[in-house]
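With mmCIF, C-alpha atoms inside, this is input18.cif:
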data_coords
loop_
_atom_site.label_atom_id
_atom_site.label_comp_id
_atom_site.auth_asym_id
_atom_site.auth_seq_id
_atom_site.Cartn_x
_atom_site.Cartn_y
_atom_site.Cartn_z
CA MET J 1 80.89 98.91 127.83
CA SER J 2 83.25 99.56 130.69
CA THR J 3 82.31 102.22 133.22
CA GLU J 4 85.81 103.31 134.23
CA LYS J 5 86.21 106.75 135.79
CA ASN J 6 85.56 109.60 133.34
CA GLN J 7 84.60 107.17 130.55
CA PRO J 8 81.45 108.29 128.74
CA MET J 9 78.57 105.90 128.18
CA ILE J 10 78.24 105.64 124.40
CA ASP J 11 74.75 104.19 124.26
CA GLU J 12 72.06 104.70 121.62
CA GLN J 13 70.47 107.62 123.44
CA PHE J 14 73.79 109.41 123.84
CA LEU J 15 74.70 108.79 120.19
CA ALA J 16 71.36 110.08 118.94
CA LYS J 17 71.80 113.33 120.87
CA GLU J 18 75.39 113.75 119.68
CA LEU J 19 74.45 113.12 116.07
CA GLU J 20 71.70 115.71 116.23
CA THR J 21 74.14 118.27 117.62
CA VAL J 22 76.81 117.47 115.04
CA LYS J 23 74.48 117.61 112.04
CA LYS J 24 73.03 120.92 113.19
CA MET J 25 76.53 122.37 113.66
CA ALA J 26 77.59 121.21 110.19
CA ALA J 27 74.54 122.71 108.48
CA GLU J 28 74.37 126.00 110.36
CA GLU J 29 77.78 126.93 111.79
CA LEU J 30 80.28 125.26 109.45
CA ASN J 31 78.55 125.59 106.09
CA ASN J 32 80.92 128.19 104.69
CA ALA J 33 84.04 128.54 102.56
CA THR J 34 86.41 128.53 105.54
CA TYR J 35 85.47 125.03 106.65
CA LYS J 36 85.15 123.70 103.11
CA LYS J 37 88.70 124.87 102.44
CA LEU J 38 89.78 123.19 105.69
CA ALA J 39 88.18 119.96 104.50
CA PHE J 40 90.10 120.23 101.23
CA ASN J 41 93.40 120.84 103.05
CA CYS J 42 92.83 117.73 105.19
CA ILE J 43 92.24 115.30 102.30
CA ASP J 44 94.37 112.21 101.82
CA LEU J 45 93.96 112.08 98.04
CA THR J 46 93.54 108.36 97.48
CA THR J 47 93.81 105.86 94.66
CA LEU J 48 93.62 102.22 95.73
CA ASN J 49 92.48 100.31 92.67
CA SER J 50 93.72 96.99 91.30
CA THR J 51 94.16 98.80 87.98
CA ASP J 52 96.49 101.50 89.38
CA THR J 53 99.58 102.02 87.24
CA ARG J 54 102.75 104.03 87.61
CA ASP J 55 101.36 106.49 85.08
CA ARG J 56 98.29 107.00 87.27
CA ALA J 57 100.44 107.47 90.38
CA LYS J 58 102.58 110.00 88.50
CA MET J 59 99.44 111.81 87.31
CA PHE J 60 98.19 112.07 90.89
CA ALA J 61 101.49 113.59 92.02
CA ASP J 62 101.68 115.93 89.01
CA ASN J 63 98.16 117.18 89.70
CA VAL J 64 99.11 117.96 93.29
CA ASN J 65 102.32 119.66 92.13
CA ASN J 66 100.37 121.88 89.73
CA LEU J 67 97.42 122.61 91.97
CA TYR J 68 98.88 125.91 93.19
CA ASN J 69 98.93 127.16 89.60
CA GLU J 70 95.28 126.26 89.05
CA TYR J 71 93.61 126.82 92.42
CA GLY J 72 96.34 128.31 94.60
CA GLU J 73 93.92 130.28 96.75
CA PHE J 74 92.69 127.02 98.31
CA GLY J 75 96.05 125.59 99.35
CA ASN J 76 96.64 121.88 98.79
CA VAL J 77 95.69 118.42 100.00
CA ALA J 78 97.44 116.88 103.02
CA ALA J 79 98.73 113.67 101.44
CA ILE J 80 98.63 111.26 98.53
CA CYS J 81 97.66 107.71 99.55
CA VAL J 82 98.62 104.75 97.34
CA TYR J 83 99.57 101.09 97.41
CA PRO J 84 103.20 100.34 98.43
CA THR J 85 104.28 99.56 94.86
CA MET J 86 103.25 103.06 93.78
CA VAL J 87 105.10 104.91 96.57
CA LYS J 88 108.41 105.23 94.73
CA THR J 89 106.75 106.78 91.67
CA VAL J 90 104.93 109.32 93.83
CA GLU J 91 108.12 110.05 95.79
CA GLU J 92 110.08 110.66 92.58
CA THR J 93 107.35 112.93 91.12
CA LEU J 94 106.04 114.90 94.09
CA GLN J 95 107.82 118.26 94.49
CA LEU J 96 106.00 119.58 97.56
CA PRO J 97 107.50 118.61 100.94
CA GLU J 98 104.37 119.86 102.71
CA VAL J 99 102.31 117.09 101.07
CA ASN J 100 102.92 113.70 102.67
CA ILE J 101 103.04 110.31 101.00
CA ALA J 102 100.88 107.65 102.63
CA ALA J 103 100.85 103.95 101.82
CA VAL J 104 98.41 101.24 102.79
CA ALA J 105 100.25 98.19 104.09
CA GLY J 106 100.01 95.28 106.50
CA GLY J 107 97.95 93.08 104.20
CA PHE J 108 95.51 95.85 103.29
CA PRO J 109 92.54 95.67 103.06
CA SER J 110 91.81 92.34 104.80
CA SER J 111 94.82 92.21 107.16
CA MET J 112 94.69 88.44 106.68
CA THR J 113 98.35 87.59 106.47
CA PHE J 114 101.26 86.85 108.79
CA LYS J 115 102.47 89.50 111.22
CA SER J 116 106.05 89.28 109.96
CA ILE J 117 104.84 90.04 106.43
CA LYS J 118 102.77 92.98 107.68
CA VAL J 119 105.77 94.46 109.45
CA GLU J 120 108.06 93.94 106.48
CA GLU J 121 105.59 95.42 103.98
CA ALA J 122 105.18 98.53 106.13
CA LYS J 123 108.95 98.90 106.48
CA LEU J 124 109.48 98.52 102.74
CA ALA J 125 106.86 101.18 102.03
CA VAL J 126 108.69 103.60 104.33
CA GLU J 127 112.01 102.76 102.68
CA ALA J 128 110.40 103.55 99.31
CA GLY J 129 109.44 107.02 100.53
CA ALA J 130 106.22 106.80 102.54
CA ASP J 131 105.81 109.27 105.41
CA GLU J 132 102.68 107.55 106.70
CA ILE J 133 101.43 103.97 106.85
CA ASP J 134 97.75 102.97 106.97
CA ILE J 135 97.06 99.46 108.30
CA VAL J 136 93.93 97.51 109.23
CA ILE J 137 93.54 95.81 112.60
CA SER J 138 93.24 92.02 112.58
CA ILE J 139 89.45 92.15 112.59
CA GLY J 140 88.91 88.42 113.00
CA GLU J 141 91.26 88.27 115.97
CA PHE J 142 89.49 91.25 117.52
CA LEU J 143 86.06 89.70 117.06
CA ASP J 144 87.39 86.49 118.66
CA GLY J 145 88.42 88.54 121.68
CA ASN J 146 92.17 88.22 121.08
CA TYR J 147 92.81 91.82 122.09
CA GLU J 148 96.40 91.26 123.21
CA PHE J 149 97.24 89.87 119.76
CA VAL J 150 95.74 92.94 118.09
CA HIS J 151 97.66 95.27 120.41
CA GLU J 152 101.00 93.51 119.96
CA GLU J 153 100.68 93.42 116.17
CA ILE J 154 100.01 97.16 115.95
CA ALA J 155 102.88 97.88 118.35
CA GLU J 156 105.31 95.78 116.32
CA ILE J 157 104.37 97.48 113.06
CA LYS J 158 104.72 100.89 114.72
CA LYS J 159 108.17 99.94 116.00
CA GLY J 160 109.16 98.70 112.55
CA ILE J 161 108.34 101.95 110.74
CA GLY J 162 110.27 104.23 113.07
CA GLU J 163 109.41 107.91 112.72
CA ALA J 164 106.73 107.38 110.08
CA HIS J 165 103.18 108.03 111.25
CA LEU J 166 100.89 105.04 111.73
CA LYS J 167 97.17 105.25 110.92
CA VAL J 168 95.22 102.27 112.24
CA ILE J 169 92.00 101.37 110.42
CA LEU J 170 89.27 99.83 112.56
CA GLU J 171 86.94 98.90 109.68
CA SER J 172 84.16 100.18 111.90
CA GLY J 173 81.38 98.86 109.66
CA LEU J 174 82.47 95.30 110.43
CA LEU J 175 82.81 95.94 114.17
CA LYS J 176 79.13 96.95 114.15
CA THR J 177 78.62 98.06 117.77
CA PRO J 178 79.70 101.22 119.59
CA GLU J 179 81.28 98.99 122.25
CA ASN J 180 83.51 97.26 119.70
CA ILE J 181 84.46 100.52 118.00
CA TRP J 182 85.32 102.07 121.38
CA LYS J 183 87.44 99.11 122.46
CA ALA J 184 89.25 98.86 119.12
CA SER J 185 89.99 102.60 119.27
CA LEU J 186 91.57 102.34 122.72
CA ILE J 187 93.58 99.23 121.83
CA SER J 188 94.94 100.94 118.72
CA MET J 189 95.89 104.14 120.52
CA ASN J 190 97.49 102.31 123.42
CA ALA J 191 99.51 100.25 120.94
CA GLY J 192 101.03 103.34 119.30
CA ALA J 193 98.64 104.56 116.60
CA ASP J 194 99.23 108.18 115.60
CA PHE J 195 95.78 108.24 113.96
CA ILE J 196 92.74 106.03 114.16
CA LYS J 197 90.75 105.66 110.94
CA THR J 198 87.23 104.44 110.29
CA SER J 199 87.42 102.32 107.17
CA THR J 200 89.27 101.00 104.15
CA GLY J 201 86.48 101.95 101.77
CA LYS J 202 86.46 98.34 100.59
CA GLU J 203 83.68 97.17 102.94
CA SER J 204 80.11 98.32 103.48
CA PRO J 205 79.22 100.30 105.44
CA ALA J 206 82.38 102.37 105.24
CA ALA J 207 82.67 105.63 107.19
CA THR J 208 79.64 106.53 109.29
CA LEU J 209 79.01 109.56 111.43
CA GLU J 210 78.03 107.30 114.32
CA ALA J 211 81.43 105.60 114.27
CA ALA J 212 83.15 108.98 113.99
CA VAL J 213 81.44 110.25 117.15
CA VAL J 214 82.42 107.11 119.10
CA MET J 215 86.02 107.32 117.88
CA ALA J 216 86.27 111.03 118.66
CA HIS J 217 85.08 110.39 122.21
CA ALA J 218 87.63 107.58 122.52
CA ILE J 219 90.37 109.98 121.41
CA LYS J 220 89.15 112.50 123.97
CA TYR J 221 89.13 109.87 126.70
CA HIS J 222 92.66 108.75 125.74
CA TYR J 223 93.91 112.34 125.76
CA GLU J 224 92.35 113.09 129.15
CA ASN J 225 93.97 110.01 130.65
CA THR J 226 97.39 110.08 128.96
CA GLY J 227 97.93 113.64 127.67
CA GLU J 228 98.58 112.16 124.22
CA LYS J 229 96.81 113.64 121.20
CA ILE J 230 95.81 111.09 118.57
CA GLY J 231 94.55 112.07 115.14
CA PHE J 232 91.31 111.00 113.48
CA LYS J 233 90.64 110.01 109.86
CA PRO J 234 87.23 109.16 108.44
CA ALA J 235 87.51 107.40 105.08
CA GLY J 236 85.33 105.51 102.65
CA GLY J 237 82.35 106.88 100.78
CA ILE J 238 82.81 110.53 101.76
CA THR J 239 82.09 112.36 98.53
CA THR J 240 80.13 115.57 99.19
CA PRO J 241 81.05 118.81 100.97
CA GLU J 242 78.02 118.30 103.25
CA GLU J 243 79.37 114.93 104.41
CA ALA J 244 82.85 116.32 104.95
CA LEU J 245 81.47 119.15 107.09
CA GLN J 246 79.64 116.65 109.28
CA TYR J 247 82.89 114.87 110.09
CA ILE J 248 84.57 118.20 110.81
CA ALA J 249 81.65 119.05 113.08
CA ALA J 250 82.07 115.76 114.96
CA VAL J 251 85.72 116.57 115.62
CA LYS J 252 85.03 120.21 116.53
CA HIS J 253 82.17 119.28 118.87
CA VAL J 254 83.96 116.46 120.72
CA LEU J 255 87.65 117.40 120.51
CA GLY J 256 87.76 121.11 119.75
CA ASP J 257 89.65 123.31 117.33
CA ASP J 258 93.06 121.90 118.30
CA TRP J 259 92.20 118.87 116.17
CA LEU J 260 91.06 120.85 113.14
CA ASN J 261 94.25 120.80 111.12
CA PRO J 262 95.98 118.30 108.80
CA ASN J 263 98.30 117.15 111.60
CA MET J 264 95.35 115.83 113.59
CA PHE J 265 92.53 115.35 111.09
CA ARG J 266 92.39 113.75 107.66
CA ILE J 267 89.66 112.70 105.26
CA GLY J 268 90.39 109.74 103.01
CA ALA J 269 88.78 110.53 99.68
CA SER J 270 89.11 110.77 95.92
CA ARG J 271 85.93 112.32 94.45
CA LEU J 272 85.57 114.70 97.40
CA ALA J 273 88.48 116.88 96.22
CA ASN J 274 86.77 117.79 92.95
CA ASN J 275 83.42 118.28 94.66
CA LEU J 276 84.88 120.66 97.23
CA LEU J 277 86.67 122.66 94.53
CA THR J 278 83.43 122.79 92.54
CA ASP J 279 81.60 124.16 95.56
CA LEU J 280 84.32 126.70 96.35
CA VAL J 281 84.77 127.90 92.75
CA GLY J 282 81.09 127.88 91.84
CA THR J 283 81.51 125.96 88.58
CA GLU J 284 82.14 122.27 87.92
CA VAL J 285 85.76 121.23 88.51
CA LYS J 286 87.23 117.95 87.24
CA TYR J 287 90.84 118.58 88.17
CA PHE J 288 91.72 115.30 89.88
#
How does this structure look as structure tokens?
Amino acid sequence: MSTEKNQPMIDEQFLAKELETVKKMAAEELNNATYKKLAFNCIDLTTLNSTDTRDRAKMFADNVNNLYNEYGEFGNVAAICVYPTMVKTVEETLQLPEVNIAAVAGGFPSSMTFKSIKVEEAKLAVEAGADEIDIVISIGEFLDGNYEFVHEEIAEIKKGIGEAHLKVILESGLLKTPENIWKASLISMNAGADFIKTSTGKESPAATLEAAVVMAHAIKYHYENTGEKIGFKPAGGITTPEEALQYIAAVKHVLGDDWLNPNMFRIGASRLANNLLTDLVGTEVKYF
């Protein structure tokens, strides 16, 4: 890993110490209703199944519309995340401007298609009503060391979607090493990512706390050197309140409270929403 000025050394010893601190913070300091509600408010409520239908997309949006009537004291989720073909249905159904519409695009989840198609798919999703686009880096190109290709592709997609926010997925489980995760984070942010995101949820391992700590430190490094705040989104396999609190703790510990809001922090999840409501209410909730 590079040893540029002010760049932390993310080695195994450093990671082990950070993980211990983060887990302790999550269990002792953040294990309360305030942070569980924050986790709920930062959820990108996600359905990305091959069996998704317009009826399912409409049901997702209707549930979000009606949430205030059922559990209004907890606020709402941050966004609904769907495939591009479902965006229009969500846009036509969703009645809450404070809840964003996110779409996966750019050849999700493999990113194994032509750049021109990635750009066009992202643009079409925005035209259909998406406020945010989630893409995956070209993992094979990155692993081959073609970093300029990865950078230029992200930058072109970002340019193509205009004012829409771009979340760039590293698929950290396939990058494997802290060095790769660090480098992919910096490339993505320098290319115009508004958020960096751990995983698609389609590969194993998906989100890990280790990757989250590395990515949070990369965001901190980028901010200290550019003044630009980039958001962070863990996603994939996060199902319990305890897990959600650990990711919040990672952000709080490394980046501080300025990142603890839906503008800077998201959790990609589906089952987590019900589990957080269950914990907050005290009885089993199967709302979503």
Which residues of stretch 133-217 of chain J have any atom within 9 Å of an atom in stretch 261-267 of chain J when counting only C-alpha atoms, and what is the closest pair of atoms for each, with the distance in Å to one decimal? Order the rows by chain and rising number and write it as a tab-separated table.
residue	atom	partner	partner_atom	distance
J:Asp194	CA	J:Met264	CA	8.8
J:Phe195	CA	J:Met264	CA	7.6
J:Lys197	CA	J:Arg266	CA	8.9
Could you list, as a PDB file with C-alpha atoms, in the frame of the given file, every residue matched by the PyMOL selection byres ((chain J and resi 56-59) around 7) in this structure?
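Written output follows (result-v5.pdb):
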ATOM      1  CA  ASP J  52      96.490 101.500  89.380  1.00  0.00           C
ATOM      2  CA  THR J  53      99.580 102.020  87.240  1.00  0.00           C
ATOM      3  CA  ARG J  54     102.750 104.030  87.610  1.00  0.00           C
ATOM      4  CA  ASP J  55     101.360 106.490  85.080  1.00  0.00           C
ATOM      5  CA  PHE J  60      98.190 112.070  90.890  1.00  0.00           C
ATOM      6  CA  ALA J  61     101.490 113.590  92.020  1.00  0.00           C
ATOM      7  CA  ASP J  62     101.680 115.930  89.010  1.00  0.00           C
ATOM      8  CA  ASN J  63      98.160 117.180  89.700  1.00  0.00           C
ATOM      9  CA  MET J  86     103.250 103.060  93.780  1.00  0.00           C
ATOM     10  CA  THR J  89     106.750 106.780  91.670  1.00  0.00           C
ATOM     11  CA  VAL J  90     104.930 109.320  93.830  1.00  0.00           C
ATOM     12  CA  THR J  93     107.350 112.930  91.120  1.00  0.00           C
TER      13      THR J  93
END
Nearest to J:Val251 by atom-to-atom distance, counting all atoms listed in the file, from J:Leu272, J:Ala122, J:Lys220, J:Ala206 = J:Lys220
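Atom CA of J:Pro205 lies 10.4 Å from atom CA of J:Leu175.
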ask   = Contacts of stretch 276-279 of chain J at 12 Å or less, counting all atoms listed in the file, minus same-chain residues fewer than 3 places along, as a PyMOL selection string?
value = chain J and resi 31-43+67+70-77+238-245+269-273+282-288
request  = Taking (75.5, 111.2, 117.7) in the file's own coordinates, collect the residues within 9 Å, counting only C-alpha atoms, and hand them back as an NGL selection string.
outcome  = :J and (12-23 or 209-214 or 250)
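Using only C-alpha atoms, the nearest neighbour of J:Ala78 within the list J:Phe232, J:Lys167, J:Met112, J:Gly268 is J:Gly268.
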message = Residues near J:Lys176, anyone? I mean within 12 Å using all atoms listed in the file, not counting same-chain ones fewer than 2 positions away, as a ChimeraX atom specification.
response = /J:139,143,170-174,178-184,198,204-208,210-211,214
task = Have a look at atom CA of J:Pro84 and atom CA of J:Ser111 and let me know their distance in Å, one decimal.
result =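 Spanning atom CA of J:Pro84 to atom CA of J:Ser111 is a straight-line distance of 14.6 Å.
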key: Nearest to J:Glu127 by atom-to-atom distance, counting all atoms listed in the file, from J:Ile80, J:Ile101, J:Ile169, J:Ala193   = J:Ile101
task = Would you please work out which residue, of J:Ala164, J:Asn146, J:Asn225, J:Ile137, is nearest to J:Ser185 when using all atoms listed in the file?
result = J:Ile137
